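A.B. asks: File target.txt below, compact mmCIF, C-alpha atoms:
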```
# COMPACT_ATOMS: atom_id res chain seq x y z
CA MET A 1 0.00 0.00 0.00
CA VAL A 2 2.88 2.36 0.88
CA GLU A 3 4.60 1.49 -2.37
CA ALA A 4 1.48 2.37 -4.36
CA GLY A 5 1.26 5.71 -2.54
CA ASN A 6 4.88 6.50 -3.38
CA ASN A 7 4.28 5.66 -7.04
CA MET A 8 1.25 7.97 -7.10
CA SER A 9 3.33 10.79 -5.55
CA ALA A 10 6.02 10.31 -8.17
CA LEU A 11 3.38 10.39 -10.92
CA GLN A 12 1.84 13.59 -9.55
CA LEU A 13 5.21 15.27 -9.26
CA GLY A 14 6.00 14.35 -12.85
CA THR A 15 2.75 15.92 -14.01
CA LEU A 16 3.42 19.09 -12.06
CA GLU A 17 6.92 19.33 -13.47
CA LYS A 18 5.56 19.00 -17.01
CA ALA A 19 2.95 21.69 -16.36
CA ALA A 20 5.65 23.93 -14.91
CA LYS A 21 7.74 23.33 -18.02
CA ILE A 22 4.92 24.78 -20.13
CA LEU A 23 4.31 27.73 -17.81
CA ASN A 24 8.03 28.46 -17.66
CA LEU A 25 7.98 29.22 -21.39
CA TYR A 26 6.24 32.45 -20.45
CA ASP A 27 8.90 33.27 -17.88
CA GLU A 28 11.34 34.01 -20.68
CA SER A 29 9.01 35.42 -23.32
CA ALA A 30 5.94 37.61 -23.65
CA GLU A 31 4.80 35.62 -26.66
CA ALA A 32 1.76 33.44 -27.11
CA PHE A 33 2.52 29.96 -28.43
CA THR A 34 0.76 27.49 -30.71
CA PHE A 35 0.33 23.87 -29.69
CA SER A 36 3.14 22.82 -32.04
CA GLU A 37 5.48 25.48 -30.66
CA ILE A 38 4.82 24.34 -27.09
CA VAL A 39 5.58 20.73 -28.06
CA ALA A 40 8.81 21.78 -29.80
CA LYS A 41 10.00 24.12 -27.04
CA THR A 42 9.24 21.80 -24.11
CA GLY A 43 10.23 18.52 -25.74
CA LEU A 44 7.14 16.87 -24.25
CA GLU A 45 4.99 14.33 -26.08
CA LYS A 46 2.01 15.70 -28.02
CA GLY A 47 -0.51 13.71 -26.00
CA SER A 48 0.93 14.95 -22.73
CA VAL A 49 0.94 18.57 -23.92
CA GLN A 50 -2.66 18.26 -25.12
CA ARG A 51 -3.84 16.98 -21.72
CA LEU A 52 -1.86 19.58 -19.81
CA LEU A 53 -3.10 22.47 -21.94
CA PHE A 54 -6.67 21.31 -21.40
CA SER A 55 -6.11 21.22 -17.63
CA LEU A 56 -4.31 24.56 -17.53
CA GLN A 57 -7.17 26.16 -19.45
CA ASN A 58 -9.76 24.67 -17.11
CA LEU A 59 -7.80 25.94 -14.12
CA GLY A 60 -7.81 29.42 -15.61
CA LEU A 61 -4.02 29.61 -15.90
CA LEU A 62 -3.83 29.69 -19.70
CA ARG A 63 -6.19 31.03 -22.34
CA ARG A 64 -6.48 29.99 -25.98
CA HIS A 65 -7.12 32.67 -28.58
CA GLN A 66 -9.83 31.53 -30.95
CA LYS A 67 -8.47 33.21 -34.09
CA THR A 68 -4.75 32.53 -33.73
CA LYS A 69 -5.07 29.23 -31.81
CA ARG A 70 -2.26 30.46 -29.58
CA TYR A 71 -1.98 29.95 -25.84
CA SER A 72 -1.06 32.78 -23.47
CA LEU A 73 -1.09 33.43 -19.74
CA SER A 74 -4.44 34.38 -18.29
CA THR A 75 -5.28 37.33 -16.06
CA LYS A 76 -5.18 34.87 -13.15
CA PHE A 77 -1.50 35.69 -12.80
CA ILE A 78 -2.35 39.33 -12.14
CA SER A 79 -4.42 38.14 -9.21
CA PHE A 80 -1.50 36.09 -7.94
CA ALA A 81 0.85 39.08 -8.22
CA VAL A 82 -1.52 41.41 -6.39
CA SER A 83 -2.10 38.82 -3.66
CA PHE A 84 1.66 38.45 -3.25
CA CYS A 85 2.13 42.19 -2.77
CA GLN A 86 -0.78 42.44 -0.35
CA ALA A 87 0.24 39.45 1.75
CA ASP A 88 4.04 39.36 1.66
CA PRO A 89 5.45 40.71 4.96
CA LEU A 90 8.23 42.62 3.23
CA MET A 91 5.92 44.32 0.74
CA ILE A 92 3.65 45.36 3.61
CA ARG A 93 6.47 46.84 5.69
CA ALA A 94 8.39 48.51 2.86
CA PRO A 95 6.48 51.84 2.59
CA ARG A 96 7.05 52.88 6.20
CA HIS A 97 10.71 51.94 6.23
CA LEU A 98 11.55 53.55 2.88
CA GLU A 99 9.97 56.88 3.74
CA ALA A 100 13.08 58.11 5.59
CA LEU A 101 15.22 57.36 2.55
CA ALA A 102 12.68 58.99 0.24
CA ARG A 103 12.97 62.25 2.17
CA GLN A 104 16.70 62.43 1.45
CA THR A 105 16.51 62.22 -2.33
CA THR A 106 14.33 62.77 -5.39
CA ALA A 107 15.66 59.56 -6.95
CA ALA A 108 13.37 56.58 -7.48
CA ILE A 109 13.43 54.08 -4.61
CA SER A 110 12.41 50.48 -5.14
CA VAL A 111 12.32 47.14 -3.41
CA ALA A 112 13.50 44.43 -5.79
CA VAL A 113 13.23 40.66 -5.46
CA MET A 114 15.04 37.95 -7.39
CA ASP A 115 13.61 34.92 -9.13
CA GLY A 116 16.12 32.74 -10.95
CA ILE A 117 18.28 34.94 -13.18
CA ASN A 118 15.90 37.89 -13.04
CA VAL A 119 15.21 40.78 -10.71
CA PHE A 120 11.72 42.21 -10.31
CA TYR A 121 11.20 45.80 -9.18
CA MET A 122 8.09 45.48 -7.06
CA ASN A 123 7.33 48.95 -5.76
CA ARG A 124 8.58 52.47 -5.35
CA VAL A 125 7.75 55.62 -3.41
CA PRO A 126 5.67 57.74 -5.82
CA ASP A 127 3.94 59.97 -3.31
CA LEU A 128 4.91 60.75 0.29
CA VAL A 129 1.50 62.31 0.94
CA THR A 130 -0.72 59.33 0.12
CA HIS A 131 1.99 56.68 0.78
CA GLU A 132 0.73 54.79 -2.26
CA PHE A 133 3.07 52.26 -3.78
CA ALA A 134 2.84 51.27 -7.44
CA LEU A 135 3.20 47.71 -8.64
CA LEU A 136 5.76 47.85 -11.43
CA PRO A 137 5.74 45.17 -14.10
CA VAL A 138 9.48 45.58 -14.55
CA ARG A 139 11.84 42.65 -15.00
CA ARG A 140 15.59 42.96 -15.48
CA SER A 141 18.47 40.52 -15.75
CA ALA A 142 20.16 40.22 -12.37
CA TYR A 143 23.74 40.20 -13.68
CA CYS A 144 23.72 43.86 -14.79
CA THR A 145 21.60 45.40 -12.04
CA ALA A 146 22.64 46.82 -8.69
CA ALA A 147 19.79 44.90 -7.04
CA GLY A 148 20.88 41.58 -8.54
CA ARG A 149 24.50 42.13 -7.56
CA ALA A 150 23.50 43.17 -4.03
CA MET A 151 21.55 39.95 -3.52
CA MET A 152 24.22 37.80 -5.19
CA SER A 153 26.81 39.32 -2.83
CA CYS A 154 25.12 37.41 0.02
CA MET A 155 24.95 34.10 -1.83
CA PRO A 156 27.53 31.30 -1.96
CA THR A 157 29.89 31.73 -4.91
CA ILE A 158 28.66 28.47 -6.45
CA ASP A 159 25.12 29.89 -6.66
CA VAL A 160 26.37 33.15 -8.15
CA LYS A 161 28.28 31.25 -10.83
CA ARG A 162 25.16 29.19 -11.58
CA ILE A 163 23.14 32.40 -12.10
CA LEU A 164 25.80 33.87 -14.37
CA ARG A 165 26.01 30.68 -16.45
CA ARG A 166 22.25 30.75 -17.03
CA SER A 167 22.15 34.48 -17.83
CA PRO A 168 21.94 35.59 -21.49
CA MET A 169 24.73 38.19 -21.05
CA LEU A 170 23.16 40.71 -23.41
CA ARG A 171 24.45 44.26 -23.82
CA PHE A 172 21.62 46.66 -22.97
CA THR A 173 23.91 49.69 -23.35
CA SER A 174 27.49 50.28 -24.41
CA ARG A 175 28.45 50.10 -20.71
CA THR A 176 26.84 46.75 -19.88
CA ILE A 177 29.39 44.34 -18.42
CA VAL A 178 28.95 40.87 -19.87
CA ASP A 179 32.19 39.22 -18.73
CA PRO A 180 31.23 36.76 -15.93
CA ALA A 181 34.66 37.13 -14.30
CA LYS A 182 34.28 40.92 -14.07
CA ILE A 183 30.75 40.60 -12.70
CA LEU A 184 31.95 38.10 -10.11
CA ARG A 185 34.61 40.59 -8.99
CA LEU A 186 31.93 43.29 -8.62
CA VAL A 187 29.77 40.90 -6.60
CA ARG A 188 32.70 40.09 -4.31
CA ALA A 189 33.44 43.79 -3.88
CA ALA A 190 29.78 44.35 -2.97
CA ARG A 191 30.11 41.57 -0.40
CA ASP A 192 33.04 43.39 1.22
CA GLU A 193 31.57 46.89 1.01
CA GLY A 194 27.90 46.12 1.71
CA ILE A 195 26.76 48.06 -1.36
CA ALA A 196 26.37 47.15 -5.04
CA TRP A 197 26.16 49.41 -8.06
CA GLN A 198 25.79 49.64 -11.80
CA ASP A 199 26.75 52.64 -13.90
CA GLY A 200 24.65 53.03 -17.05
CA GLU A 201 24.52 49.28 -17.73
CA VAL A 202 20.73 49.00 -17.94
CA ILE A 203 19.80 52.52 -19.05
CA GLU A 204 22.52 54.83 -20.35
CA GLY A 205 21.67 57.77 -18.10
CA GLU A 206 20.96 55.86 -14.89
CA ILE A 207 23.09 54.79 -11.93
CA GLY A 208 21.84 52.09 -9.59
CA ILE A 209 22.88 51.64 -5.96
CA ALA A 210 21.54 48.76 -3.88
CA ALA A 211 21.92 47.02 -0.52
CA PRO A 212 20.59 43.55 0.35
CA ILE A 213 17.62 42.89 2.61
CA LEU A 214 18.39 39.78 4.65
CA GLY A 215 16.08 37.17 6.08
CA ASP A 216 16.40 33.92 8.00
CA GLY A 217 20.01 32.77 8.26
CA GLY A 218 21.32 35.86 6.46
CA VAL A 219 19.72 34.76 3.17
CA PRO A 220 19.08 37.66 0.75
CA VAL A 221 15.34 38.04 0.19
CA ALA A 222 15.33 41.39 -1.65
CA ALA A 223 17.24 44.65 -2.08
CA VAL A 224 16.65 48.35 -1.57
CA VAL A 225 17.50 50.12 -4.82
CA LEU A 226 18.13 53.77 -5.56
CA SER A 227 17.92 54.72 -9.26
CA ILE A 228 19.82 57.96 -9.85
CA ASP A 229 19.89 60.28 -12.87
CA LYS A 230 23.49 60.62 -14.08
CA ALA A 231 22.75 64.24 -14.93
CA GLU A 232 22.58 64.89 -11.16
CA PHE A 233 25.38 62.71 -9.79
CA ASP A 234 28.32 60.72 -11.07
CA LEU A 235 28.91 57.27 -9.58
CA LYS A 236 31.59 58.36 -7.08
CA THR A 237 29.43 61.19 -5.71
CA ALA A 238 26.32 59.03 -5.61
CA LEU A 239 28.10 56.32 -3.63
CA ARG A 240 29.55 58.84 -1.19
CA ARG A 241 26.19 60.49 -0.60
CA PHE A 242 23.76 57.56 -0.65
CA THR A 243 25.60 54.40 0.48
CA ALA A 244 24.85 54.87 4.18
CA PRO A 245 21.14 55.78 3.75
CA VAL A 246 20.51 52.86 1.38
CA GLN A 247 22.27 50.45 3.76
CA THR A 248 20.23 51.81 6.69
CA ALA A 249 16.98 51.29 4.79
CA ALA A 250 17.98 47.72 3.88
CA ARG A 251 18.91 46.92 7.49
CA SER A 252 15.60 48.31 8.75
CA LEU A 253 13.73 45.94 6.41
CA SER A 254 15.89 42.90 7.19
CA ASN A 255 14.22 40.43 9.51
CA PRO A 256 14.88 36.81 10.55
CA ALA A 257 11.18 36.11 9.94
CA LEU A 258 11.65 36.68 6.21
CA SER A 259 12.52 33.75 3.96
CA ALA A 260 13.38 33.15 0.31
CA SER A 261 13.29 30.16 -2.00
CA PRO A 262 16.63 28.40 -2.50
CA VAL A 263 18.44 29.48 -5.66
CA SER A 264 18.47 25.88 -6.86
CA ALA A 265 14.66 25.88 -6.85
CA THR A 266 14.41 28.83 -9.23
CA LEU A 267 17.05 27.82 -11.78
```
Transcribe the structure of this file into structure tokens.

C.D. replies:
Amino acid sequence: MVEAGNNMSALQLGTLEKAAKILNLYDESAEAFTFSEIVAKTGLEKGSVQRLLFSLQNLGLLRRHQKTKRYSLSTKFISFAVSFCQADPLMIRAPRHLEALARQTTAAISVAVMDGINVFYMNRVPDLVTHEFALLPVRRSAYCTAAGRAMMSCMPTIDVKRILRRSPMLRFTSRTIVDPAKILRLVRAARDEGIAWQDGEVIEGEIGIAAPILGDGGVPVAAVVLSIDKAEFDLKTALRRFTAPVQTAARSLSNPALSASPVSATL
């Protein structure tokens, strides 16, 4: 009886992994896919893909466009994202703790989280009067962002190397660093200095400064990020002026009660 139960668990896990393989296609692309494209990209058998697509549609996770016959994510994922922001302890606490930093600068302030090789900018301080925070549908590659480097600075080197190996290493500007060895040196420097930065690597006229927010066991769960207009400050001046306030904000949000998924689970 126990053996049968174990076999059923293994079967269920296999099904979930296959479904995740389909959903993960949308993690790397904003496209909608045809049935044939999903089969080709996932490497799954046609029959398995057909059953999974039927189930994912019934669960409201995917929708099929009648004219193009393409499958795309449903609005259900918006609901998931909003629920995350409303329920996550860090997202709830962020506004109050970032207000002090917001009063010291006109630069954009964000809390960023990492998932796999990407960083997601979740919210920023748009208005100190209403204290409203805006959900930003912004995804960046971790390797070239201050937020990604800040979080990687608190990870074991083996995990950092795994992230860099999986990253596309694209040049978003003429200043984007795509040499893994150079990025690793910057991450190690951030580990020593407690602050990470990027200088025009994502957007030509923008400097990013970030410090990690730590959770249970010193695991990085997010980062406080300051996005600075290069017309106002150069990197040296920005670091001198804002390193301490950004670090203070990150420390105020750090809490042993916070937790993050292992890197191995998101890669």

A.B. asks: Can you tell me how far CA of Thr145 (chain A) sits from CA of Thr243 (chain A), in Å to one decimal?

C.D. replies: 15.9 Å

A.B. asks: Mind giving me the straight-line distance from CA of Ala211 (chain A) to CA of Arg171 (chain A) in Å, one decimal?

C.D. replies: 23.6 Å

A.B. asks: What's the separation between CA of Val219 (chain A) and CA of Met169 (chain A), in Å to one decimal place?

C.D. replies: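 Rounded to one decimal, the two atoms are 25.0 Å apart.
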
A.B. asks: Show me, as a list in words, the residues that have an atom within 10 Å of Val221 (chain A) when counting all atoms listed in the file, minus same-chain residues fewer than 5 positions from it.

C.D. replies: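 The residues satisfying every condition are Leu90, Ala112, Val113, Met114, Asp115, Met151, Cys154, Pro212, Ile213, Leu214, Gly215, Asp216, Ser254, Asn255, Leu258, Ser259, Ala260 and Ser261 of chain A.
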
A.B. asks: Could you write those residues out with C-alpha atoms, as a PDB file, in the frame of the given file?

C.D. replies:
```pdb
ATOM      1  CA  LEU A  90       8.230  42.620   3.230  1.00  0.00           C
ATOM      2  CA  ALA A 112      13.500  44.430  -5.790  1.00  0.00           C
ATOM      3  CA  VAL A 113      13.230  40.660  -5.460  1.00  0.00           C
ATOM      4  CA  MET A 114      15.040  37.950  -7.390  1.00  0.00           C
ATOM      5  CA  ASP A 115      13.610  34.920  -9.130  1.00  0.00           C
ATOM      6  CA  MET A 151      21.550  39.950  -3.520  1.00  0.00           C
ATOM      7  CA  CYS A 154      25.120  37.410   0.020  1.00  0.00           C
ATOM      8  CA  PRO A 212      20.590  43.550   0.350  1.00  0.00           C
ATOM      9  CA  ILE A 213      17.620  42.890   2.610  1.00  0.00           C
ATOM     10  CA  LEU A 214      18.390  39.780   4.650  1.00  0.00           C
ATOM     11  CA  GLY A 215      16.080  37.170   6.080  1.00  0.00           C
ATOM     12  CA  ASP A 216      16.400  33.920   8.000  1.00  0.00           C
ATOM     13  CA  SER A 254      15.890  42.900   7.190  1.00  0.00           C
ATOM     14  CA  ASN A 255      14.220  40.430   9.510  1.00  0.00           C
ATOM     15  CA  LEU A 258      11.650  36.680   6.210  1.00  0.00           C
ATOM     16  CA  SER A 259      12.520  33.750   3.960  1.00  0.00           C
ATOM     17  CA  ALA A 260      13.380  33.150   0.310  1.00  0.00           C
ATOM     18  CA  SER A 261      13.290  30.160  -2.000  1.00  0.00           C
TER      19      SER A 261
END
```

A.B. asks: Considering all atoms listed in the file, state which residue in the set A:Thr15, A:Thr42, A:Thr173, A:Gln57 is at the smallest distance from Ser72 (chain A).

C.D. replies: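 Answer, going by the shortest atom-to-atom distance: A:Gln57.
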
A.B. asks: List as a PyMOL selection string the protein and nucleic acid residues near Asp199 (chain A), meaning an atom at most 10 Å away when all atoms listed in the file are counted, but skip any in the same chain fewer than 2 places from it.

C.D. replies: chain A and resi 144-146+175-177+197+201-209+228+230+234-235

A.B. asks: When you count only C-alpha atoms, which of these residues is closest to Arg103 (chain A): A:Lys69, A:Ser55, A:Met155, A:Ala249?

C.D. replies: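 Comparing A:Lys69, A:Ser55, A:Met155, A:Ala249 against Arg103 (chain A), the winner is A:Ala249.
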